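Down below is the structure, laid out as structure tokens.
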Amino acid sequence: MIKKKISIAMALMLVVLSACSQSEGNKVNTPSSSTEEETTHQTDESEQPSDPFGKYSETITLTYGKAVDPSDKSLPAGDTPEKNQYSRHILDNLNVDTKVIWQAASGTNYDQKVNLAISSSDLPDALVVKDTQLRKMVKSGQLEDLTDIFDKYASPAMKNFMAKTNGQSDKSVTFDGKMYAIPSIQVQSDGVHEMWIRKDWLDKLGLTPPKTIEELEKVAAAFVEQDPDGNGKKDTIGIAGQQNGGRLYTNFLESTNNTFGLDPIFGAFKSYPGFWLENESGDPVYGSILPETKEALGKLRDLYAKGLIDKEIGIRKSAYEPVTGGKAGIFFAPWWMGYGPLPDAIKNDPSANWQAYLLPLDADGQFNSRMGAPSTSFVVVRKGYEHPEAVIKMLNLLVRDEAKFDISVPVGYYPLRVPMSYTDESEYSAKALKEVLAGTKKPEDFTDPGYKLLAADIQNVKKVKKEPYDNMDIQHWDPQADTGTWSRIYSLLVGSSPLEQNYNKVYSVLYSQTKTMESRWSNLKKLEDETFMKIIMGAAPLDQFDKFVSDWKKQGGDKITEEVKAYNQ
Amino acid sequence: MTKDATIQTRLFDWTLVIVLLLISFLCLLPLWYTLAVSLSEKSAASAGQVWLWPVGFNWNSYKQIMNDSSFFHSFWISIQRVVLGASITMIITTMMAYPLSRSARDFRLRNALMWILVFTLLFNGGLIPWYMTIKALGLYNTIWALVLGGGVPVFNVILIVNYFRNLPKELDEAALVDGAGPWRMLFTLYVPLAVPVLATVTLFTIVYHWNEFFHGLVLTSGEEHYPLQTYIQQLVVVIDTANMTEDQYKRLNELSNQTLNAAKIFIAMIPVLLVYPFLQRFFIHGITLGSVKE
Amino acid sequence: MRNTGFTKHYYIMLLPGFIWLLLINIIPMFGIVIAFEDFNPGKGFFHSEWIGLENFEYMFSLNDTAVIFSNTLTIAVMKIAGNLIVPLIFAIMLNELRFAVMKRWIQTVVYLPHFLSWVILSGILLDIFSYTGPVNTLLKLFDIDPVLFFARADLFPFIVVGSDVWKEFGFNTIIYLAALTGINPSLYEAASIDGAARLRRIWHVTLPGLRTTIVLLAVLSLGNVLNAGFDQIFNLYNPMLYSTGDIIDTWVYREGLLNMQYGLATAVGLLKSVISFVLIVVSYALASKFANYRIF
């Protein structure tokens, strides 16, 4: 069984390699040699870099803590979260023996473990942490300074990824001029929340995708009132909302991947709660306390009262359910919905034609999207670990070989895996695929190996996309052919394509905590979350907002705003 | 008159029976509901159509559990924990309770020690120092962390102390005349007489060790060391998406497994339900509030 | 008494228990120092900066503090009252039941919820009270609009108290049943037996016979007025319910572990311990003085 999987992986690899060698002709033969070539490019820099993929002559050990998905059953028999194809790949290539010192379910349980490790100063050699934890660890002097090591060992590919973030990634891991972590570098599309809508419902009711808030209200009302699923019951939801523990909108600390939040509705009011913005005079202000936010909340309250937003917003155990169960008509989320919940949604109803749009627009006809931080998770190394460079080599290896792995085992099992890619990877790939499908470009026109998965995507696209190639409706797809491939290609072609349009990108002035926030922020955020949800659900009057603003300022908000200002200068 | 009275009495009796039965039914509801969900069709369960009877009856969930080795592994850990935890706790607490049930005249430090116990019941250093202590003691990731990690069950000690104190003093006198030492007094005189309280406290200990999930989460390194409740907790807990990274999101295969989880919960309830009815007859005499001052 | 030579053996008997107590319960108490420190894990417990009462001052400046203390108190007091009264009524009803077999069965059944964990029960409760769940289906039959129970901060304390009473009432009858067995049967005979008289008998014989028990239980629950039940609320609440449902223990957990506000969390926890300890001492004294009773 395992052997079979490996041979499939090998076959896949050969395909990828041949695609590469075709495309790059006589220049290079394999991705690995291509990186080597880039390495040699770098030699004209002052210092001789060490080998980013150097294999240790003796096996070294690296311990780390791991977040796992308890419901995942993809590992072949005999493999464990600790020992699997990825850890073996690392052992074979780098001679690094990775050991899971503890594991916990992703989310709160994992965070709890990390926090316990931090507060008891009982750290594994390396860990994946988030911003607040990184700060705590730096403050406690628990981390190895990676400045020089990163410079010496990071592969050119990884350095390229970092360079594309305009210094934002560097900034997020640099404290007093020293680098204390390797940041994840995520695709920017993870932070752009689009409107996903049941196009089949729209067609059935003779509607078009809603362009404005008013139209959105009409469409949602039609979805609720006119029985779009045709079961004779009034059991459909206009706009789905986040689940219990989910977020109404992204914020500067958690700025990406807010499935089922309502960010675009706020955006249509030019409101960006949770983000630090600049006012006319260039001073930072907190988006949640601005009048636009009150306006947006008023509208949401109105929509909720009319029953157009999921009654159970913020309470549901799983926000996926109304979507997979075919009960919801609209939700807001990033590009990758083809990975989930849509596979289950079309399994239950093959005609569920979910399409994505950059809508609704604001009064000026513009789509406003808040943009995420490029780095949200961080790989850190315990102070005193003998081989800090091993961590960087592992990540180099991941970047180099990610496309070669047998993807039936999720890459999340790669030790210390954080996402690393060009920030524009999904838009770029979507565009490339369309051009290849349209025949305007050839696979060999795309040569940058930094777009790790593109060659495979081009190879696979026709497996799941049926003709006509320019019609993205669900009936022109073949999800059964290969669900994994369908997930990715559908996410790209349907989810990422809209991002090629022009839209207004709104960045937060800051994506990390200031000093006072360390003690006060959780309380301010609690105040905000509670007030806004109550206003929307009608448990508090809209004017509660004004009280919130003054409370927020009094309870530390003003002081924090000053700090943000200082940080910005 | 007498006839009226009997009718009234009967009416009274039957109303009582009906009310009591209704209340009992209410207590069984969650159990029944869980069973119904576990035997239902997945889609019906997630649509909330299941109420008192399974919709789309099937055994799939239970069949699935049969193939889930980690479920049974956790089950086995819980069994070990309960057996070790209950026996060790009972021996230690009984031995503690005997001296503490002596009067202050008999055992001078008795009151001071008692207050120390109560003090530890209320004060603690918080999670982190406790976690560090467990680690330093080398208990981390062993079954002993689960067995001993909760500390001395002070409340149970107090229950046994009070029961011992309420036993007639004359027995002591007689035994002393017989020349019995404290060990013989405890094990041949007190323990047999205290069966109700010991049975009750044993049950408390079993239930505690069976139901406790947090220690499993904090004091072990991962799933292969989880006791059953920890295993279940991580399945039913609301997934906190706020802290997830991108790829975790993408892997979040969230087609609700309500029916499977219900089946697991149901199986997890069974052992406790099998044990307590047998110890039930001891409860009334086993739980004593305290004692009237001598 | 004459058994002075026994003391040595008493110490031996206590030894295992007190070693256990020392290792697991007492040693970790060094962590209380965090309440007076700006705790820095890198520096450890004894080398972090000493800031005196700053954490406490900050605690009192927070709006949250008043909210969580009052939430805790509200929920705990309601629970105490409910857990005194409901089991009392039920015990009396059970006492009046003449069918012995049925009595035993009913007892078995009502004890049941006590033995189930909140992890499990709260999962079930969340289902039963969900928007499309059985309770709302039932309300629909009576033409009542479905209620979003877990978004209603005003209802949440009642759900918490109600479900707690439901879980514990059966088991809590035990103490009353024990006390009832202590009532002199001759009193019953004297007051027997005609029909309506049974209610009067409850009033004149049963209740007075339970009076001491009731008073004692009430006094003993003093120590619990700051325990509103972590396991239960932690597994049931969500941010919309914080205003009425966030209690000291859940707050301390979130601040102390998830938000890494060690000093603040420890300070609040310490305050809770001190208050509870004072209350226990008071209840001990009250019971001893007025009921001539020793709790331990």
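Just so we're on the same page: first chain in the structure tokens is A, next is B, and so on; residues restart at 1 for each chain, and ligands are numbered from 1 in the order they show up.
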
Would you list the contacts of Glu402 (chain A) as JSON, numbers by chain, taking every protein, DNA or RNA residue within 8 Å and counting only C-alpha atoms, but skipping same-chain residues closer than 4 positions in sequence? {"A": [397, 398, 411, 452, 453]}

Chain A contacts to chain C at 6 Å (only C-alpha atoms) as a ChimeraX atom specification: /A:119,121,140-141,530

Restricted to N, CA, C and O atoms, what would the selected residues look like written as a short mmCIF file (atom, residue, chain, number, x, y, z; two decimals), in the first residue's frame?
data_model
loop_
_atom_site.label_atom_id
_atom_site.label_comp_id
_atom_site.auth_asym_id
_atom_site.auth_seq_id
_atom_site.Cartn_x
_atom_site.Cartn_y
_atom_site.Cartn_z
N SER A 119 5.18 29.68 29.07
CA SER A 119 5.15 30.20 30.44
C SER A 119 5.94 29.33 31.40
O SER A 119 6.37 29.81 32.43
N SER A 121 8.68 27.91 30.37
CA SER A 121 10.03 27.89 29.78
C SER A 121 10.49 26.48 29.48
O SER A 121 11.62 26.12 29.72
N SER A 140 10.69 37.42 26.69
CA SER A 140 11.22 36.54 27.72
C SER A 140 12.62 36.03 27.40
O SER A 140 13.18 35.24 28.15
N GLY A 141 13.15 36.44 26.25
CA GLY A 141 14.50 36.01 25.89
C GLY A 141 14.60 34.51 25.67
O GLY A 141 15.60 33.89 26.01
N GLU A 530 -18.58 41.94 21.78
CA GLU A 530 -19.86 41.80 22.46
C GLU A 530 -20.84 42.88 21.99
O GLU A 530 -21.98 42.60 21.65
#

With a distance threshold of 7 Å and counting only C-alpha atoms, extract the residues of chain B near chain C and express them as a tab-separated table (two decimals) with N, CA and C atoms, in the first residue's frame.
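Now in result_8.tsv:
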chain	number	residue	atom	x	y	z
B	5	ALA	N	-62.01	9.71	51.81
B	5	ALA	CA	-60.60	9.76	52.17
B	5	ALA	C	-59.78	8.83	51.28
B	6	THR	N	-60.29	7.64	51.05
B	6	THR	CA	-59.51	6.72	50.21
B	6	THR	C	-59.37	7.26	48.80
B	8	GLN	N	-59.42	10.34	47.90
B	8	GLN	CA	-58.43	11.42	47.97
B	8	GLN	C	-57.01	10.88	48.05
B	9	THR	N	-56.87	9.89	48.89
B	9	THR	CA	-55.55	9.31	49.05
B	9	THR	C	-55.07	8.73	47.73
B	13	ASP	N	-51.91	9.71	45.59
B	13	ASP	CA	-50.88	8.75	45.21
B	13	ASP	C	-50.62	8.77	43.71
B	16	LEU	N	-48.95	11.84	42.39
B	16	LEU	CA	-47.55	11.75	42.77
B	16	LEU	C	-46.78	10.87	41.80
B	24	SER	N	-38.67	11.81	36.14
B	24	SER	CA	-37.67	10.79	35.81
B	24	SER	C	-37.41	10.75	34.32
B	27	CYS	N	-35.04	13.23	33.20
B	27	CYS	CA	-33.65	12.93	33.49
B	27	CYS	C	-33.05	11.99	32.45
B	28	LEU	N	-33.90	11.21	31.84
B	28	LEU	CA	-33.40	10.25	30.85
B	28	LEU	C	-33.25	10.87	29.47
B	30	PRO	N	-31.61	13.32	27.86
B	30	PRO	CA	-30.37	13.52	27.11
B	30	PRO	C	-29.77	12.21	26.63
B	48	GLY	N	-31.28	18.84	12.32
B	48	GLY	CA	-32.04	18.98	13.55
B	48	GLY	C	-33.40	18.31	13.52
B	51	TRP	N	-35.52	13.93	17.15
B	51	TRP	CA	-36.02	14.36	18.44
B	51	TRP	C	-36.03	13.16	19.36
B	92	ILE	N	-5.20	5.64	50.28
B	92	ILE	CA	-4.57	6.80	50.91
B	92	ILE	C	-5.57	7.63	51.70
B	93	THR	N	-6.74	7.88	51.11
B	93	THR	CA	-7.69	8.75	51.82
B	93	THR	C	-8.24	8.06	53.07
B	95	MET	N	-6.65	5.95	54.94
B	95	MET	CA	-5.61	6.03	55.96
B	95	MET	C	-5.48	7.44	56.53
B	96	MET	N	-5.72	8.44	55.68
B	96	MET	CA	-5.68	9.82	56.18
B	96	MET	C	-6.86	10.10	57.10
B	99	PRO	N	-6.78	8.95	61.35
B	99	PRO	CA	-6.22	9.83	62.38
B	99	PRO	C	-6.98	11.16	62.48
B	106	ASP	N	-7.19	13.45	71.51
B	106	ASP	CA	-6.52	12.20	71.20
B	106	ASP	C	-5.32	12.45	70.29
B	107	PHE	N	-5.49	13.38	69.36
B	107	PHE	CA	-4.46	13.64	68.35
B	107	PHE	C	-4.34	15.14	68.20
B	120	THR	N	-5.80	23.98	51.27
B	120	THR	CA	-5.38	23.54	49.93
B	120	THR	C	-6.57	23.34	49.00
B	122	LEU	N	-8.88	25.42	48.71
B	122	LEU	CA	-9.28	26.73	48.18
B	122	LEU	C	-8.14	27.47	47.48
B	123	PHE	N	-6.93	27.28	47.97
B	123	PHE	CA	-5.84	28.06	47.39
B	123	PHE	C	-5.02	27.19	46.45
B	124	ASN	N	-4.64	27.78	45.33
B	124	ASN	CA	-3.71	27.06	44.47
B	124	ASN	C	-2.88	28.08	43.70
B	125	GLY	N	-1.79	27.61	43.17
B	125	GLY	CA	-0.87	28.53	42.51
B	125	GLY	C	-1.22	28.77	41.06
B	126	GLY	N	-2.27	28.14	40.60
B	126	GLY	CA	-2.62	28.30	39.20
B	126	GLY	C	-2.06	27.18	38.35
B	129	PRO	N	2.33	26.79	37.51
B	129	PRO	CA	3.20	26.16	38.51
B	129	PRO	C	2.85	24.69	38.74
B	130	TRP	N	1.59	24.41	38.69
B	130	TRP	CA	1.16	23.02	38.86
B	130	TRP	C	1.71	22.15	37.73
B	133	THR	N	5.36	21.63	38.21
B	133	THR	CA	5.64	20.68	39.28
B	133	THR	C	5.47	19.24	38.78
B	149	GLY	N	-2.41	13.50	39.44
B	149	GLY	CA	-2.30	14.91	39.10
B	149	GLY	C	-3.36	15.80	39.72
B	151	GLY	N	-4.29	15.83	42.68
B	151	GLY	CA	-4.01	16.12	44.08
B	151	GLY	C	-4.93	15.33	45.00
B	152	VAL	N	-4.77	15.56	46.30
B	152	VAL	CA	-5.58	14.83	47.28
B	152	VAL	C	-7.04	15.28	47.20
B	158	ILE	N	-12.85	14.50	53.83
B	158	ILE	CA	-13.76	15.05	54.84
B	158	ILE	C	-14.98	14.16	55.01
B	162	ASN	N	-15.91	12.42	58.55
B	162	ASN	CA	-17.20	12.62	59.23
B	162	ASN	C	-17.92	11.31	59.52
B	182	PRO	N	-3.93	1.02	66.49
B	182	PRO	CA	-4.64	1.85	65.51
B	182	PRO	C	-4.83	1.15	64.17
B	207	VAL	N	-16.02	8.08	39.13
B	207	VAL	CA	-16.67	9.03	38.24
B	207	VAL	C	-15.73	10.19	37.91
B	211	ASN	N	-14.60	10.99	34.16
B	211	ASN	CA	-15.13	12.17	33.49
B	211	ASN	C	-14.11	13.28	33.25
B	233	GLN	N	-13.58	15.22	24.03
B	233	GLN	CA	-13.61	16.68	24.10
B	233	GLN	C	-13.06	17.31	22.84
B	265	ILE	N	-20.09	9.48	22.38
B	265	ILE	CA	-20.53	9.98	23.68
B	265	ILE	C	-21.35	8.91	24.39
B	269	MET	N	-20.61	7.01	28.01
B	269	MET	CA	-21.46	7.12	29.20
B	269	MET	C	-21.70	5.75	29.84
B	272	VAL	N	-20.05	4.27	33.37
B	272	VAL	CA	-20.53	4.90	34.60
B	272	VAL	C	-21.96	4.44	34.89
B	277	PRO	N	-25.65	2.14	39.69
B	277	PRO	CA	-26.83	1.53	40.33
B	277	PRO	C	-26.47	0.47	41.37
B	283	PHE	N	-25.55	5.07	49.14
B	283	PHE	CA	-25.49	6.53	49.14
B	283	PHE	C	-26.09	7.16	50.40
B	284	ILE	N	-27.31	6.73	50.70
B	284	ILE	CA	-28.05	7.43	51.76
B	284	ILE	C	-27.28	7.42	53.07
B	285	HIS	N	-26.62	6.30	53.33
B	285	HIS	CA	-25.88	6.25	54.58
B	285	HIS	C	-24.46	6.75	54.42
B	287	ILE	N	-23.32	9.44	52.68
B	287	ILE	CA	-23.07	10.88	52.65
B	287	ILE	C	-23.55	11.50	53.94
B	289	LEU	N	-23.22	14.83	56.56
B	289	LEU	CA	-22.90	16.24	56.48
B	289	LEU	C	-21.77	16.66	57.39
B	290	GLY	N	-21.75	16.08	58.55
B	290	GLY	CA	-20.80	16.53	59.56
B	290	GLY	C	-21.20	15.81	60.83
B	291	SER	N	-20.86	16.34	61.94
B	291	SER	CA	-21.26	15.62	63.13
B	291	SER	C	-21.65	16.59	64.23
B	292	VAL	N	-22.51	16.12	65.08
B	292	VAL	CA	-22.88	16.96	66.21
B	292	VAL	C	-21.71	16.95	67.19
B	293	LYS	N	-21.41	18.13	67.67
B	293	LYS	CA	-20.28	18.28	68.59
B	293	LYS	C	-20.44	17.40	69.81

I need the chain A residues near chain B as an NGL selection string; criterion: at most 6 Å, counting only C-alpha atoms. :A and (102-104 or 107 or 245-246 or 317 or 339)

Write out, as a short mmCIF file (atom, residue, chain, number, x, y, z; two decimals), in the first residue's frame, the residues just selected, with N, CA, C and O atoms.
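To be explicit, this is the file written out as part38.cif:
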data_model
loop_
_atom_site.label_atom_id
_atom_site.label_comp_id
_atom_site.auth_asym_id
_atom_site.auth_seq_id
_atom_site.Cartn_x
_atom_site.Cartn_y
_atom_site.Cartn_z
N TRP A 102 5.13 17.02 21.61
CA TRP A 102 3.72 16.93 21.97
C TRP A 102 2.88 17.37 20.79
O TRP A 102 3.35 18.07 19.90
N GLN A 103 1.64 16.94 20.79
CA GLN A 103 0.73 17.38 19.74
C GLN A 103 -0.62 17.71 20.34
O GLN A 103 -0.97 17.24 21.42
N ALA A 104 -1.36 18.55 19.64
CA ALA A 104 -2.70 18.91 20.13
C ALA A 104 -3.53 19.32 18.92
O ALA A 104 -2.99 19.69 17.88
N GLY A 107 -5.94 24.97 16.83
CA GLY A 107 -6.83 25.93 17.48
C GLY A 107 -6.50 26.06 18.95
O GLY A 107 -5.32 26.05 19.34
N GLY A 245 -17.24 31.47 17.99
CA GLY A 245 -15.79 31.61 18.04
C GLY A 245 -15.22 32.22 16.77
O GLY A 245 -14.06 32.56 16.72
N GLY A 246 -16.05 32.36 15.75
CA GLY A 246 -15.58 32.99 14.51
C GLY A 246 -15.59 34.50 14.63
O GLY A 246 -15.97 35.05 15.66
N LYS A 317 -22.41 25.88 15.69
CA LYS A 317 -21.20 25.10 15.93
C LYS A 317 -20.35 25.09 14.68
O LYS A 317 -19.14 25.15 14.74
N TYR A 339 -11.61 24.06 -1.58
CA TYR A 339 -11.06 23.08 -0.65
C TYR A 339 -12.09 22.70 0.41
O TYR A 339 -12.05 21.64 0.98
#

Within 12 Å of region 544-548 of chain A using only C-alpha atoms, minus same-chain residues under 2 positions, as a ChimeraX atom specification: /A:288-298,524-536,538-542,550-555,557

Quick one: everything within 6 Å of region 313-315 of chain A, counting only C-alpha atoms, minus sequence neighbours fewer than 5 positions away in the same chain. Send it as a list in words.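 The contact residues come out as Gly241, Gln242, Gln243 and Asn244 of chain A.
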
Backbone DSSP call of helix (DSSP H, G or I) for region 87-260 of chain B, listed as a ChimeraX atom specification: /B:87-100,110-122,127-136,143-148,154-166,169-177,182-193,195-211,214-219,223-225,228-236,241-243,246-251,258-260

What lies within 9 Å of Leu186 (chain B) using only C-alpha atoms, ignoring chain neighbours under 6 positions off, as an MDAnalysis selection string? chainID B and resid 94:95 98 192

Let's have the selection written as a PDB file, in the first residue's frame, with N, CA, C and O atoms.
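Contents of out-v1.pdb, as written:
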ATOM      1  N   THR B  94      -8.448   6.758  53.002  1.00  0.00           N
ATOM      2  CA  THR B  94      -8.945   6.069  54.193  1.00  0.00           C
ATOM      3  C   THR B  94      -7.912   6.156  55.318  1.00  0.00           C
ATOM      4  O   THR B  94      -8.255   6.428  56.475  1.00  0.00           O
ATOM      5  N   MET B  95      -6.650   5.950  54.942  1.00  0.00           N
ATOM      6  CA  MET B  95      -5.610   6.034  55.955  1.00  0.00           C
ATOM      7  C   MET B  95      -5.480   7.445  56.526  1.00  0.00           C
ATOM      8  O   MET B  95      -5.183   7.623  57.698  1.00  0.00           O
ATOM      9  N   TYR B  98      -8.587   8.257  59.078  1.00  0.00           N
ATOM     10  CA  TYR B  98      -8.690   7.682  60.418  1.00  0.00           C
ATOM     11  C   TYR B  98      -8.063   8.581  61.494  1.00  0.00           C
ATOM     12  O   TYR B  98      -8.753   8.970  62.435  1.00  0.00           O
ATOM     13  N   PRO B 192     -14.820  -2.026  57.900  1.00  0.00           N
ATOM     14  CA  PRO B 192     -16.050  -2.795  57.658  1.00  0.00           C
ATOM     15  C   PRO B 192     -17.316  -2.017  58.009  1.00  0.00           C
ATOM     16  O   PRO B 192     -18.336  -2.148  57.332  1.00  0.00           O
TER      17      PRO B 192
END

If I take CA of Gly338 (chain A) and CA of Arg488 (chain A), how far is one from the other in Å, to one decimal?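 Straight-line distance from CA of Gly338 (chain A) to CA of Arg488 (chain A) works out to 6.4 Å.
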
For region 423-436 of chain A, please output as a compact mmCIF listing (two decimals) with N, CA and C atoms, in the first residue's frame all residues within 6 Å (counting only C-alpha atoms; exclusion window: fewer than 2 positions along the same chain).
# COMPACT_ATOMS: atom_id res chain seq x y z
N GLN A 186 2.22 34.30 3.10
CA GLN A 186 0.99 33.77 2.55
C GLN A 186 0.56 34.53 1.32
N VAL A 187 -0.26 33.87 0.55
CA VAL A 187 -0.81 34.54 -0.62
C VAL A 187 -1.72 35.66 -0.15
N GLN A 188 -1.66 36.82 -0.82
CA GLN A 188 -2.45 37.95 -0.36
C GLN A 188 -3.95 37.68 -0.53
N ALA A 438 -7.31 29.02 -22.82
CA ALA A 438 -7.74 29.77 -24.00
C ALA A 438 -6.77 29.56 -25.16
N GLY A 439 -5.64 28.96 -24.87
CA GLY A 439 -4.66 28.71 -25.93
C GLY A 439 -3.80 29.90 -26.27
N THR A 440 -3.95 31.00 -25.51
CA THR A 440 -3.15 32.17 -25.82
C THR A 440 -1.72 32.03 -25.32
N LYS A 441 -1.52 31.10 -24.36
CA LYS A 441 -0.15 30.87 -23.90
C LYS A 441 0.08 29.38 -23.80
N LYS A 442 1.33 28.99 -23.78
CA LYS A 442 1.68 27.57 -23.69
C LYS A 442 2.23 27.29 -22.30
N LEU A 492 -8.94 28.26 -7.79
CA LEU A 492 -8.17 29.23 -8.58
C LEU A 492 -9.06 29.91 -9.62
N LEU A 493 -9.72 29.11 -10.44
CA LEU A 493 -10.44 29.69 -11.57
C LEU A 493 -11.69 30.46 -11.14
N SER A 496 -10.07 32.79 -7.43
CA SER A 496 -9.00 33.79 -7.56
C SER A 496 -9.17 34.71 -8.76
N SER A 497 -9.87 34.23 -9.78
CA SER A 497 -9.98 35.05 -10.98
C SER A 497 -10.52 36.46 -10.72

Counting only C-alpha atoms, figure out which residue out of B:Trp14, B:Phe25, B:Trp76, B:Phe119 gets nearest to Phe155 (chain B). B:Phe119

Length of the CA of Glu37 (chain C) to CA of Ser120 (chain A) vector [Å]: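 Here the two named atoms are 15.3 Å from each other.
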
For His73 (chain B), work out the shell of residues within 9 Å, counting only C-alpha atoms and skipping chain neighbours fewer than 3 positions away, then give it as a list in words.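 Listed by chain and then number, they are Asp68, Ser69, Ser70, Trp76, Ile77, Ser78, Glu224, His225, Tyr226, Pro227 and Leu228 of chain B.
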
Expected file: the selected residues, N, CA and C atoms, as a PDB file, in the first residue's frame:
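part08.pdb, written as the output of this step:
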ATOM      1  N   ASP B  68     -12.239   2.097  14.878  1.00  0.00           N
ATOM      2  CA  ASP B  68     -11.437   3.234  15.311  1.00  0.00           C
ATOM      3  C   ASP B  68     -10.534   2.808  16.466  1.00  0.00           C
ATOM      4  N   SER B  69      -9.292   2.496  16.149  1.00  0.00           N
ATOM      5  CA  SER B  69      -8.426   1.961  17.194  1.00  0.00           C
ATOM      6  C   SER B  69      -8.118   3.007  18.252  1.00  0.00           C
ATOM      7  N   SER B  70      -8.039   4.291  17.871  1.00  0.00           N
ATOM      8  CA  SER B  70      -7.674   5.277  18.890  1.00  0.00           C
ATOM      9  C   SER B  70      -8.792   5.449  19.929  1.00  0.00           C
ATOM     10  N   TRP B  76      -9.163   2.248  26.883  1.00  0.00           N
ATOM     11  CA  TRP B  76      -8.288   1.424  27.730  1.00  0.00           C
ATOM     12  C   TRP B  76      -7.503   2.284  28.707  1.00  0.00           C
ATOM     13  N   ILE B  77      -7.017   3.427  28.258  1.00  0.00           N
ATOM     14  CA  ILE B  77      -6.302   4.334  29.166  1.00  0.00           C
ATOM     15  C   ILE B  77      -7.223   4.782  30.296  1.00  0.00           C
ATOM     16  N   SER B  78      -8.464   5.097  29.941  1.00  0.00           N
ATOM     17  CA  SER B  78      -9.413   5.514  30.963  1.00  0.00           C
ATOM     18  C   SER B  78      -9.662   4.405  31.977  1.00  0.00           C
ATOM     19  N   GLU B 224      -2.251   9.690  21.527  1.00  0.00           N
ATOM     20  CA  GLU B 224      -2.042   8.294  21.935  1.00  0.00           C
ATOM     21  C   GLU B 224      -1.972   8.134  23.456  1.00  0.00           C
ATOM     22  N   HIS B 225      -1.977   9.263  24.178  1.00  0.00           N
ATOM     23  CA  HIS B 225      -1.997   9.180  25.641  1.00  0.00           C
ATOM     24  C   HIS B 225      -3.288   9.726  26.239  1.00  0.00           C
ATOM     25  N   TYR B 226      -4.228  10.101  25.380  1.00  0.00           N
ATOM     26  CA  TYR B 226      -5.453  10.703  25.895  1.00  0.00           C
ATOM     27  C   TYR B 226      -6.358   9.673  26.557  1.00  0.00           C
ATOM     28  N   PRO B 227      -6.933  10.019  27.710  1.00  0.00           N
ATOM     29  CA  PRO B 227      -8.055   9.217  28.203  1.00  0.00           C
ATOM     30  C   PRO B 227      -9.304   9.544  27.366  1.00  0.00           C
ATOM     31  N   LEU B 228     -10.326   8.752  27.545  1.00  0.00           N
ATOM     32  CA  LEU B 228     -11.473   8.831  26.652  1.00  0.00           C
ATOM     33  C   LEU B 228     -12.154  10.199  26.611  1.00  0.00           C
TER      34      LEU B 228
END

Nearest-residue call for Lys347 (chain A), choices A:Pro124, A:Gly191, A:Pro415, A:Pro479, using only C-alpha atoms: A:Pro479
